[in-house]
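J.: Below you'll find input_18.cif; it's mmCIF, C-alpha atoms.
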data_target
loop_
_atom_site.group_PDB
_atom_site.id
_atom_site.type_symbol
_atom_site.label_atom_id
_atom_site.label_comp_id
_atom_site.auth_asym_id
_atom_site.auth_seq_id
_atom_site.Cartn_x
_atom_site.Cartn_y
_atom_site.Cartn_z
ATOM 1 C CA MET P 1 97.072 94.661 127.822
ATOM 2 C CA GLU P 2 98.414 96.050 131.116
ATOM 3 C CA LYS P 3 100.439 99.244 131.209
ATOM 4 C CA GLN P 4 103.639 97.495 132.314
ATOM 5 C CA GLU P 5 103.368 94.974 129.483
ATOM 6 C CA ALA P 6 102.855 97.796 126.969
ATOM 7 C CA VAL P 7 105.958 99.583 128.284
ATOM 8 C CA ASN P 8 108.002 96.368 128.149
ATOM 9 C CA GLN P 9 106.873 95.500 124.619
ATOM 10 C CA GLY P 10 107.359 99.119 123.532
ATOM 11 C CA LEU P 11 110.899 99.059 124.852
ATOM 12 C CA GLU P 12 111.602 95.817 122.973
ATOM 13 C CA LEU P 13 110.376 97.523 119.798
ATOM 14 C CA VAL P 14 112.636 100.554 120.410
ATOM 15 C CA ASN P 15 115.634 98.325 121.101
ATOM 16 C CA SER P 16 115.108 96.260 117.942
ATOM 17 C CA SER P 17 114.524 99.316 115.700
ATOM 18 C CA THR P 18 117.262 101.071 113.759
ATOM 19 C CA ILE P 19 115.042 103.940 112.667
ATOM 20 C CA ALA P 20 112.318 106.048 114.241
ATOM 21 C CA MET P 21 109.869 108.442 112.633
ATOM 22 C CA LEU P 22 110.086 111.964 114.028
ATOM 23 C CA GLY P 23 106.867 114.008 113.858
ATOM 24 C CA THR P 24 107.267 117.793 114.027
ATOM 25 C CA ASN P 25 105.036 120.832 113.591
ATOM 26 C CA GLY P 26 105.746 122.033 110.052
ATOM 27 C CA GLU P 27 104.877 125.317 108.384
ATOM 28 C CA ASP P 28 101.247 126.443 107.924
ATOM 29 C CA GLY P 29 99.980 124.081 110.642
ATOM 30 C CA PHE P 30 100.746 120.830 108.800
ATOM 31 C CA PRO P 31 102.507 118.022 110.708
ATOM 32 C CA HIS P 32 105.735 116.713 109.147
ATOM 33 C CA ILE P 33 107.380 113.277 109.415
ATOM 34 C CA LYS P 34 110.973 112.212 108.783
ATOM 35 C CA ALA P 35 112.724 108.901 109.394
ATOM 36 C CA MET P 36 115.756 109.301 111.668
ATOM 37 C CA LEU P 37 118.482 106.888 112.693
ATOM 38 C CA LYS P 38 117.790 105.929 116.295
ATOM 39 C CA MET P 39 121.156 106.386 117.946
ATOM 40 C CA VAL P 40 120.936 106.009 121.744
ATOM 41 C CA ASN P 41 118.032 105.611 124.152
ATOM 42 C CA GLN P 42 117.489 105.538 127.902
ATOM 43 C CA GLY P 43 114.354 103.459 128.334
ATOM 44 C CA LEU P 44 111.391 105.246 126.790
ATOM 45 C CA LYS P 45 112.213 108.524 128.576
ATOM 46 C CA LYS P 46 115.114 109.792 126.460
ATOM 47 C CA ILE P 47 116.090 109.211 122.827
ATOM 48 C CA TRP P 48 119.015 110.862 121.057
ATOM 49 C CA PHE P 49 119.367 111.452 117.308
ATOM 50 C CA SER P 50 121.973 113.182 115.155
ATOM 51 C CA THR P 51 121.007 115.679 112.476
ATOM 52 C CA ASN P 52 122.215 118.493 110.253
ATOM 53 C CA THR P 53 121.978 121.877 112.007
ATOM 54 C CA SER P 54 120.869 123.356 108.664
ATOM 55 C CA SER P 55 117.991 120.868 108.265
ATOM 56 C CA LYS P 56 114.335 121.830 108.032
ATOM 57 C CA ARG P 57 113.728 119.669 111.128
ATOM 58 C CA VAL P 58 116.040 121.797 113.304
ATOM 59 C CA GLU P 59 114.388 124.995 112.044
ATOM 60 C CA GLN P 60 110.955 123.570 113.002
ATOM 61 C CA ILE P 61 112.149 122.387 116.428
ATOM 62 C CA LYS P 62 113.626 125.828 117.210
ATOM 63 C CA LYS P 63 110.154 127.295 116.646
ATOM 64 C CA ASN P 64 108.244 124.490 118.375
ATOM 65 C CA PRO P 65 109.843 121.689 120.462
ATOM 66 C CA LYS P 66 106.619 119.622 120.667
ATOM 67 C CA VAL P 67 107.207 116.389 118.742
ATOM 68 C CA CYS P 68 106.419 112.697 118.643
ATOM 69 C CA VAL P 69 108.646 109.709 117.941
ATOM 70 C CA TYR P 70 107.132 106.623 116.336
ATOM 71 C CA PHE P 71 108.407 103.059 116.020
ATOM 72 C CA VAL P 72 106.635 100.431 113.945
ATOM 73 C CA ASP P 73 106.847 96.718 113.211
ATOM 74 C CA PRO P 74 104.519 96.421 110.208
ATOM 75 C CA ASN P 75 104.794 92.620 110.049
ATOM 76 C CA GLU P 76 103.563 92.174 113.627
ATOM 77 C CA PHE P 77 101.084 95.103 113.571
ATOM 78 C CA LYS P 78 102.921 96.682 116.498
ATOM 79 C CA GLY P 79 103.549 100.384 116.975
ATOM 80 C CA LEU P 80 104.776 102.730 119.673
ATOM 81 C CA MET P 81 104.206 106.474 119.728
ATOM 82 C CA LEU P 82 106.096 108.576 122.264
ATOM 83 C CA VAL P 83 104.969 112.191 122.732
ATOM 84 C CA GLY P 84 107.186 114.827 124.284
ATOM 85 C CA ASN P 85 109.665 117.647 123.763
ATOM 86 C CA ILE P 86 112.969 117.746 121.937
ATOM 87 C CA LYS P 87 116.101 119.838 122.464
ATOM 88 C CA ILE P 88 118.921 120.753 120.107
ATOM 89 C CA LEU P 89 122.337 120.090 121.704
ATOM 90 C CA GLN P 90 125.706 121.198 120.404
ATOM 91 C CA ASP P 91 127.965 120.580 123.395
ATOM 92 C CA LYS P 92 131.169 118.632 122.825
ATOM 93 C CA SER P 93 130.234 115.685 125.012
ATOM 94 C CA SER P 94 126.845 115.063 123.301
ATOM 95 C CA ARG P 95 128.481 115.369 119.878
ATOM 96 C CA GLN P 96 131.200 112.889 120.799
ATOM 97 C CA ARG P 97 128.731 110.452 122.370
ATOM 98 C CA LEU P 98 126.632 110.270 119.189
ATOM 99 C CA TRP P 99 129.471 110.337 116.640
ATOM 100 C CA ARG P 100 129.799 107.175 114.525
ATOM 101 C CA GLU P 101 132.264 105.965 111.921
ATOM 102 C CA GLY P 102 131.266 107.272 108.487
ATOM 103 C CA PHE P 103 129.497 110.383 109.798
ATOM 104 C CA GLU P 104 131.955 112.490 107.761
ATOM 105 C CA ARG P 105 129.609 111.784 104.880
ATOM 106 C CA TYR P 106 126.946 113.953 106.556
ATOM 107 C CA TYR P 107 129.239 116.268 108.572
ATOM 108 C CA PRO P 108 132.415 116.728 106.495
ATOM 109 C CA LEU P 109 134.219 118.822 109.144
ATOM 110 C CA GLY P 110 133.974 115.996 111.683
ATOM 111 C CA VAL P 111 132.757 116.032 115.262
ATOM 112 C CA ASP P 112 133.153 119.844 115.516
ATOM 113 C CA ASP P 113 131.302 120.532 112.236
ATOM 114 C CA PRO P 114 128.874 123.390 113.024
ATOM 115 C CA ASP P 115 126.367 121.586 110.788
ATOM 116 C CA TYR P 116 126.375 118.600 113.204
ATOM 117 C CA SER P 117 123.745 118.725 115.973
ATOM 118 C CA VAL P 118 122.360 116.254 118.459
ATOM 119 C CA LEU P 119 118.639 116.058 119.247
ATOM 120 C CA CYS P 120 117.516 114.857 122.681
ATOM 121 C CA PHE P 121 113.882 113.789 122.981
ATOM 122 C CA THR P 122 112.200 113.539 126.409
ATOM 123 C CA GLY P 123 108.953 111.535 126.517
ATOM 124 C CA LEU P 124 105.863 112.620 128.463
ATOM 125 C CA TRP P 125 103.471 109.828 127.525
ATOM 126 C CA GLY P 126 103.187 106.989 125.046
ATOM 127 C CA ASN P 127 100.773 104.740 123.219
ATOM 128 C CA PHE P 128 101.533 101.126 122.351
ATOM 129 C CA TYR P 129 99.378 98.930 120.174
ATOM 130 C CA HIS P 130 99.608 95.333 119.078
ATOM 131 C CA SER P 131 96.906 94.089 116.761
ATOM 132 C CA LEU P 132 93.624 95.311 118.332
ATOM 133 C CA SER P 133 95.053 96.046 121.813
ATOM 134 C CA ASN P 134 95.915 99.662 122.421
ATOM 135 C CA ILE P 135 97.045 101.426 125.586
ATOM 136 C CA ASP P 136 98.180 104.908 126.645
ATOM 137 C CA PHE P 137 100.698 105.312 129.463
ATOM 138 C CA GLU P 138 102.690 108.025 131.192
ATOM 139 C CA ILE P 139 106.452 107.855 130.918
ATOM 140 C CA MET J 1 117.647 115.094 91.411
ATOM 141 C CA GLU J 2 115.055 116.626 89.055
ATOM 142 C CA LYS J 3 111.466 117.114 90.140
ATOM 143 C CA GLN J 4 110.095 114.570 87.649
ATOM 144 C CA GLU J 5 112.559 111.936 88.828
ATOM 145 C CA ALA J 6 111.589 112.592 92.459
ATOM 146 C CA VAL J 7 107.892 112.197 91.596
ATOM 147 C CA ASN J 8 108.587 108.972 89.673
ATOM 148 C CA GLN J 9 110.718 107.474 92.428
ATOM 149 C CA GLY J 10 108.198 108.629 95.047
ATOM 150 C CA LEU J 11 105.425 106.912 93.150
ATOM 151 C CA GLU J 12 107.446 103.699 92.959
ATOM 152 C CA LEU J 13 107.891 103.869 96.739
ATOM 153 C CA VAL J 14 104.129 104.366 97.261
ATOM 154 C CA ASN J 15 103.306 101.482 94.938
ATOM 155 C CA SER J 16 105.727 99.100 96.670
ATOM 156 C CA SER J 17 104.591 100.075 100.199
ATOM 157 C CA THR J 18 101.872 98.271 102.119
ATOM 158 C CA ILE J 19 101.799 100.804 104.953
ATOM 159 C CA ALA J 20 102.035 104.571 105.265
ATOM 160 C CA MET J 21 102.563 106.720 108.335
ATOM 161 C CA LEU J 22 99.779 109.251 108.874
ATOM 162 C CA GLY J 23 100.781 112.432 110.717
ATOM 163 C CA THR J 24 97.953 114.368 112.399
ATOM 164 C CA ASN J 25 97.656 117.327 114.769
ATOM 165 C CA GLY J 26 97.087 115.764 118.184
ATOM 166 C CA GLU J 27 95.903 117.349 121.405
ATOM 167 C CA ASP J 28 97.871 120.133 123.140
ATOM 168 C CA GLY J 29 99.765 120.998 119.946
ATOM 169 C CA PHE J 30 101.756 117.755 119.691
ATOM 170 C CA PRO J 31 101.939 115.977 116.314
ATOM 171 C CA HIS J 32 100.816 112.328 116.274
ATOM 172 C CA ILE J 33 101.830 109.453 113.988
ATOM 173 C CA LYS J 34 100.088 106.160 113.222
ATOM 174 C CA ALA J 35 100.878 103.469 110.668
ATOM 175 C CA MET J 36 97.952 102.839 108.321
ATOM 176 C CA LEU J 37 97.369 100.195 105.675
ATOM 177 C CA LYS J 38 97.740 101.906 102.324
ATOM 178 C CA MET J 39 94.637 100.777 100.458
ATOM 179 C CA VAL J 40 94.249 102.609 97.140
ATOM 180 C CA ASN J 41 96.090 105.525 95.529
ATOM 181 C CA GLN J 42 95.726 107.706 92.462
ATOM 182 C CA GLY J 43 99.265 108.816 91.711
ATOM 183 C CA LEU J 44 100.563 111.024 94.523
ATOM 184 C CA LYS J 45 97.431 113.204 94.515
ATOM 185 C CA LYS J 46 94.945 110.946 96.306
ATOM 186 C CA ILE J 47 95.391 108.154 98.849
ATOM 187 C CA TRP J 48 92.577 106.252 100.544
ATOM 188 C CA PHE J 49 92.729 104.472 103.895
ATOM 189 C CA SER J 50 90.177 102.626 106.022
ATOM 190 C CA THR J 51 89.791 103.333 109.737
ATOM 191 C CA ASN J 52 87.517 102.998 112.756
ATOM 192 C CA THR J 53 85.095 105.929 113.030
ATOM 193 C CA SER J 54 85.618 105.827 116.809
ATOM 194 C CA SER J 55 89.429 106.122 116.514
ATOM 195 C CA LYS J 56 91.478 108.963 117.962
ATOM 196 C CA ARG J 57 92.672 109.693 114.411
ATOM 197 C CA VAL J 58 89.160 110.446 113.160
ATOM 198 C CA GLU J 59 88.502 112.707 116.154
ATOM 199 C CA GLN J 60 91.698 114.654 115.379
ATOM 200 C CA ILE J 61 90.897 114.912 111.659
ATOM 201 C CA LYS J 62 87.408 116.261 112.409
ATOM 202 C CA LYS J 63 89.053 119.100 114.355
ATOM 203 C CA ASN J 64 91.908 119.635 111.902
ATOM 204 C CA PRO J 65 92.161 118.073 108.421
ATOM 205 C CA LYS J 66 95.809 119.138 107.894
ATOM 206 C CA VAL J 67 97.921 115.983 107.759
ATOM 207 C CA CYS J 68 100.952 114.393 106.149
ATOM 208 C CA VAL J 69 101.467 110.897 104.772
ATOM 209 C CA TYR J 70 104.943 109.369 104.889
ATOM 210 C CA PHE J 71 106.450 106.376 103.100
ATOM 211 C CA VAL J 72 109.900 105.046 103.904
ATOM 212 C CA ASP J 73 112.359 102.460 102.620
ATOM 213 C CA PRO J 74 114.870 102.325 105.480
ATOM 214 C CA ASN J 75 117.214 99.945 103.648
ATOM 215 C CA GLU J 76 117.616 102.291 100.693
ATOM 216 C CA PHE J 77 117.488 105.543 102.724
ATOM 217 C CA LYS J 78 114.504 106.679 100.676
ATOM 218 C CA GLY J 79 111.509 108.568 102.001
ATOM 219 C CA LEU J 80 108.500 110.424 100.636
ATOM 220 C CA MET J 81 106.417 112.918 102.599
ATOM 221 C CA LEU J 82 103.133 114.110 101.127
ATOM 222 C CA VAL J 83 101.466 117.112 102.780
ATOM 223 C CA GLY J 84 97.786 117.893 102.325
ATOM 224 C CA ASN J 85 94.252 117.587 103.651
ATOM 225 C CA ILE J 86 92.207 114.541 104.538
ATOM 226 C CA LYS J 87 88.458 113.902 104.476
ATOM 227 C CA ILE J 88 86.302 111.372 106.317
ATOM 228 C CA LEU J 89 83.962 109.549 103.920
ATOM 229 C CA GLN J 90 81.075 107.290 104.840
ATOM 230 C CA ASP J 91 79.211 106.961 101.550
ATOM 231 C CA LYS J 92 78.310 103.487 100.376
ATOM 232 C CA SER J 93 80.457 103.552 97.266
ATOM 233 C CA SER J 94 83.675 104.582 99.106
ATOM 234 C CA ARG J 95 83.030 101.943 101.777
ATOM 235 C CA GLN J 96 82.503 99.223 99.191
ATOM 236 C CA ARG J 97 85.536 100.268 97.169
ATOM 237 C CA LEU J 98 87.862 99.949 100.182
ATOM 238 C CA TRP J 99 86.316 96.842 101.755
ATOM 239 C CA ARG J 100 88.593 93.776 101.881
ATOM 240 C CA GLU J 101 88.165 90.174 102.939
ATOM 241 C CA GLY J 102 88.739 89.843 106.679
ATOM 242 C CA PHE J 103 87.712 93.419 107.525
ATOM 243 C CA GLU J 104 84.972 91.957 109.767
ATOM 244 C CA ARG J 105 87.750 91.656 112.323
ATOM 245 C CA TYR J 106 87.882 95.467 112.564
ATOM 246 C CA TYR J 107 84.278 96.265 111.566
ATOM 247 C CA PRO J 108 82.124 93.389 112.863
ATOM 248 C CA LEU J 109 78.885 94.708 111.305
ATOM 249 C CA GLY J 110 80.357 94.547 107.802
ATOM 250 C CA VAL J 111 80.484 97.180 105.075
ATOM 251 C CA ASP J 112 77.633 99.170 106.681
ATOM 252 C CA ASP J 113 79.187 99.132 110.180
ATOM 253 C CA PRO J 114 78.907 102.738 111.476
ATOM 254 C CA ASP J 115 82.378 102.264 112.965
ATOM 255 C CA TYR J 116 83.837 101.789 109.445
ATOM 256 C CA SER J 117 85.047 104.982 107.749
ATOM 257 C CA VAL J 118 87.160 105.767 104.718
ATOM 258 C CA LEU J 119 89.808 108.498 104.748
ATOM 259 C CA CYS J 120 90.679 110.289 101.505
ATOM 260 C CA PHE J 121 93.935 112.260 101.480
ATOM 261 C CA THR J 122 94.577 114.940 98.843
ATOM 262 C CA GLY J 123 98.210 116.006 98.436
ATOM 263 C CA LEU J 124 99.317 119.627 98.008
ATOM 264 C CA TRP J 125 103.073 119.178 97.925
ATOM 265 C CA GLY J 126 105.682 116.538 98.609
ATOM 266 C CA ASN J 127 109.297 115.963 99.533
ATOM 267 C CA PHE J 128 111.320 113.017 98.292
ATOM 268 C CA TYR J 129 114.794 112.123 99.478
ATOM 269 C CA HIS J 130 117.219 109.411 98.544
ATOM 270 C CA SER J 131 120.483 109.352 100.443
ATOM 271 C CA LEU J 132 121.723 112.971 100.423
ATOM 272 C CA SER J 133 119.462 114.191 97.576
ATOM 273 C CA ASN J 134 116.317 115.952 98.699
ATOM 274 C CA ILE J 135 113.664 117.756 96.680
ATOM 275 C CA ASP J 136 110.312 119.485 97.312
ATOM 276 C CA PHE J 137 107.636 119.455 94.602
ATOM 277 C CA GLU J 138 104.044 120.537 94.084
ATOM 278 C CA ILE J 139 101.504 117.810 93.436
#
Would it be possible to restate this file's structure as structure tokens?
T.:
Amino acid sequence: MEKQEAVNQGLELVNSSTIAMLGTNGEDGFPHIKAMLKMVNQGLKKIWFSTNTSSKRVEQIKKNPKVCVYFVDPNEFKGLMLVGNIKILQDKSSRQRLWREGFERYYPLGVDDPDYSVLCFTGLWGNFYHSLSNIDFEI
Amino acid sequence: MEKQEAVNQGLELVNSSTIAMLGTNGEDGFPHIKAMLKMVNQGLKKIWFSTNTSSKRVEQIKKNPKVCVYFVDPNEFKGLMLVGNIKILQDKSSRQRLWREGFERYYPLGVDDPDYSVLCFTGLWGNFYHSLSNIDFEI
């Protein structure tokens, strides 16, 4: 598999996925994983998520912004791992951009709820595999 | 949600899952994630996987056995994270126990292929969530 094909197929997987797995550095040196709703993406370079400011994830990211984001299609044996850094955003425009109908369930005070944060992931490199083909690429 | 209910529901999720996400400590301090076929489990305490000895995963585990294993049901907003340590096994009995029809595709030399390894995860603690309920428990 060529790099460009891996990027194209990886992007297809991102665009068809509703969730992504976020890998963070947890306490005591153990990695942690949590499924997140994939909200908005700009190619493979930037991915935005929404989250509770009070969540364990945000606490971990404040201490260490090194993360990975993983997408998988288990039926096709396809997977994409993106490795990079993540930022916690609380500005009005990011909050409004990510806000969706029904989010009051998670953030009862609405778009200005202090417990509502946006995460912005920036990819450095990725790995895409399909069956036995496997390729690393820079983003 | 009570602890026992979380463990029971977590176990149901493990038993109904064919894949698990394995979180490892990658290079340069970034966490890595890879989907693995869930092969055999003993409650939530032990989970066995098969893998290529030459894989990046095995290299990472040799340096650092601290991992997590994650199961998700995205339709039901359910997820289980198990945190613990993982060992690389190459003894005959573990290899035979995990061997399945068709594995020649991954390990062409068969059950004794030096590139065939078994991973045994031992859980220390877990977190189960369903919708907005979320609970940590010891294993």
J.: Can you give me, as a count of residues only, the residues this file yields under the PyMOL selection byres ((chain J) within 6 of (chain P))?
T.: 5
J.: Record the distance separating atom CA of Asn8 of chain P and atom CA of Lys45 of chain P, expressed in Å with one decimal.
T.: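 We find that atom CA of Asn8 of chain P and atom CA of Lys45 of chain P lie 12.9 Å from each other.
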J.: Which residues fall under the PyMOL selection byres ((chain J and resi 99) around 10) in this file, as an MDAnalysis selection string?
T.: chainID J and resid 39 50 93:98 100:104 110:111 116 118
J.: Which value, in Å to one decimal, gives the distance between atom CA of Phe49 of chain J and atom CA of Thr122 of chain J?
T.: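 Interatomic distance, atom CA of Phe49 of chain J to atom CA of Thr122 of chain J: 11.8 Å.
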J.: List the residues selected by the PyMOL selection byres ((chain P and resi 138) around 10) in the file shown, writing them as a PyMOL selection string.
T.: chain P and resi 3+7+45+82-83+123-127+136-137+139
J.: Take atom CA of Ile135 of chain P and atom CA of Cys120 of chain J and report the distance between them in Å, one decimal.
T.: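 Separation of atom CA of Ile135 of chain P and atom CA of Cys120 of chain J: 26.4 Å.
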J.: Which residue is closest to Lys92 of chain P? Choose from P:Tyr107, P:Val40, P:Asn75, P:Ser117 and count all atoms listed in the file.
T.: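 Of P:Tyr107, P:Val40, P:Asn75, P:Ser117, the one nearest Lys92 of chain P, counting all atoms listed in the file, is P:Ser117.
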J.: Assuming the input is short of atoms at segment 62-87 of chain P, produce N, CA and C atoms for that part as a compact mmCIF listing (two decimals), keeping the file's coordinate frame.
T.:
# COMPACT_ATOMS: atom_id res chain seq x y z
N LYS P 62 113.30 124.54 116.56
CA LYS P 62 113.63 125.83 117.21
C LYS P 62 112.36 126.63 117.45
N LYS P 63 111.41 126.55 116.50
CA LYS P 63 110.15 127.30 116.65
C LYS P 63 109.18 126.59 117.58
N ASN P 64 109.23 125.25 117.60
CA ASN P 64 108.24 124.49 118.38
C ASN P 64 108.85 123.13 118.76
N PRO P 65 109.17 122.94 120.04
CA PRO P 65 109.84 121.69 120.46
C PRO P 65 108.88 120.52 120.71
N LYS P 66 107.58 120.72 120.45
CA LYS P 66 106.62 119.62 120.67
C LYS P 66 106.70 118.64 119.50
N VAL P 67 107.01 117.39 119.80
CA VAL P 67 107.21 116.39 118.74
C VAL P 67 106.63 115.05 119.18
N CYS P 68 106.63 114.09 118.25
CA CYS P 68 106.42 112.70 118.64
C CYS P 68 107.44 111.84 117.93
N VAL P 69 107.70 110.67 118.51
CA VAL P 69 108.65 109.71 117.94
C VAL P 69 107.88 108.40 117.81
N TYR P 70 107.97 107.80 116.62
CA TYR P 70 107.13 106.62 116.34
C TYR P 70 107.98 105.45 115.85
N PHE P 71 107.73 104.29 116.42
CA PHE P 71 108.41 103.06 116.02
C PHE P 71 107.35 102.08 115.53
N VAL P 72 107.65 101.34 114.48
CA VAL P 72 106.64 100.43 113.94
C VAL P 72 107.26 99.10 113.51
N ASP P 73 106.52 98.02 113.77
CA ASP P 73 106.85 96.72 113.21
C ASP P 73 105.65 96.32 112.36
N PRO P 74 105.70 96.62 111.04
CA PRO P 74 104.52 96.42 110.21
C PRO P 74 104.14 94.95 110.07
N ASN P 75 105.11 94.05 110.21
CA ASN P 75 104.79 92.62 110.05
C ASN P 75 103.99 92.08 111.23
N GLU P 76 104.24 92.65 112.40
CA GLU P 76 103.56 92.17 113.63
C GLU P 76 102.41 93.09 114.04
N PHE P 77 102.13 94.12 113.22
CA PHE P 77 101.08 95.10 113.57
C PHE P 77 101.30 95.69 114.97
N LYS P 78 102.55 96.07 115.23
CA LYS P 78 102.92 96.68 116.50
C LYS P 78 103.39 98.10 116.24
N GLY P 79 103.04 99.02 117.12
CA GLY P 79 103.55 100.38 116.98
C GLY P 79 103.64 101.06 118.32
N LEU P 80 104.59 101.97 118.43
CA LEU P 80 104.78 102.73 119.67
C LEU P 80 104.91 104.19 119.31
N MET P 81 104.06 105.03 119.90
CA MET P 81 104.21 106.47 119.73
C MET P 81 104.60 107.08 121.07
N LEU P 82 105.67 107.86 121.06
CA LEU P 82 106.10 108.58 122.26
C LEU P 82 105.90 110.06 121.99
N VAL P 83 105.28 110.77 122.91
CA VAL P 83 104.97 112.19 122.73
C VAL P 83 105.75 112.99 123.76
N GLY P 84 106.41 114.05 123.33
CA GLY P 84 107.19 114.83 124.28
C GLY P 84 107.86 116.01 123.63
N ASN P 85 108.94 116.47 124.25
CA ASN P 85 109.66 117.65 123.76
C ASN P 85 111.07 117.27 123.35
N ILE P 86 111.64 118.06 122.45
CA ILE P 86 112.97 117.75 121.94
C ILE P 86 113.86 118.98 122.02
N LYS P 87 115.13 118.74 122.33
CA LYS P 87 116.10 119.84 122.46
C LYS P 87 117.23 119.66 121.46
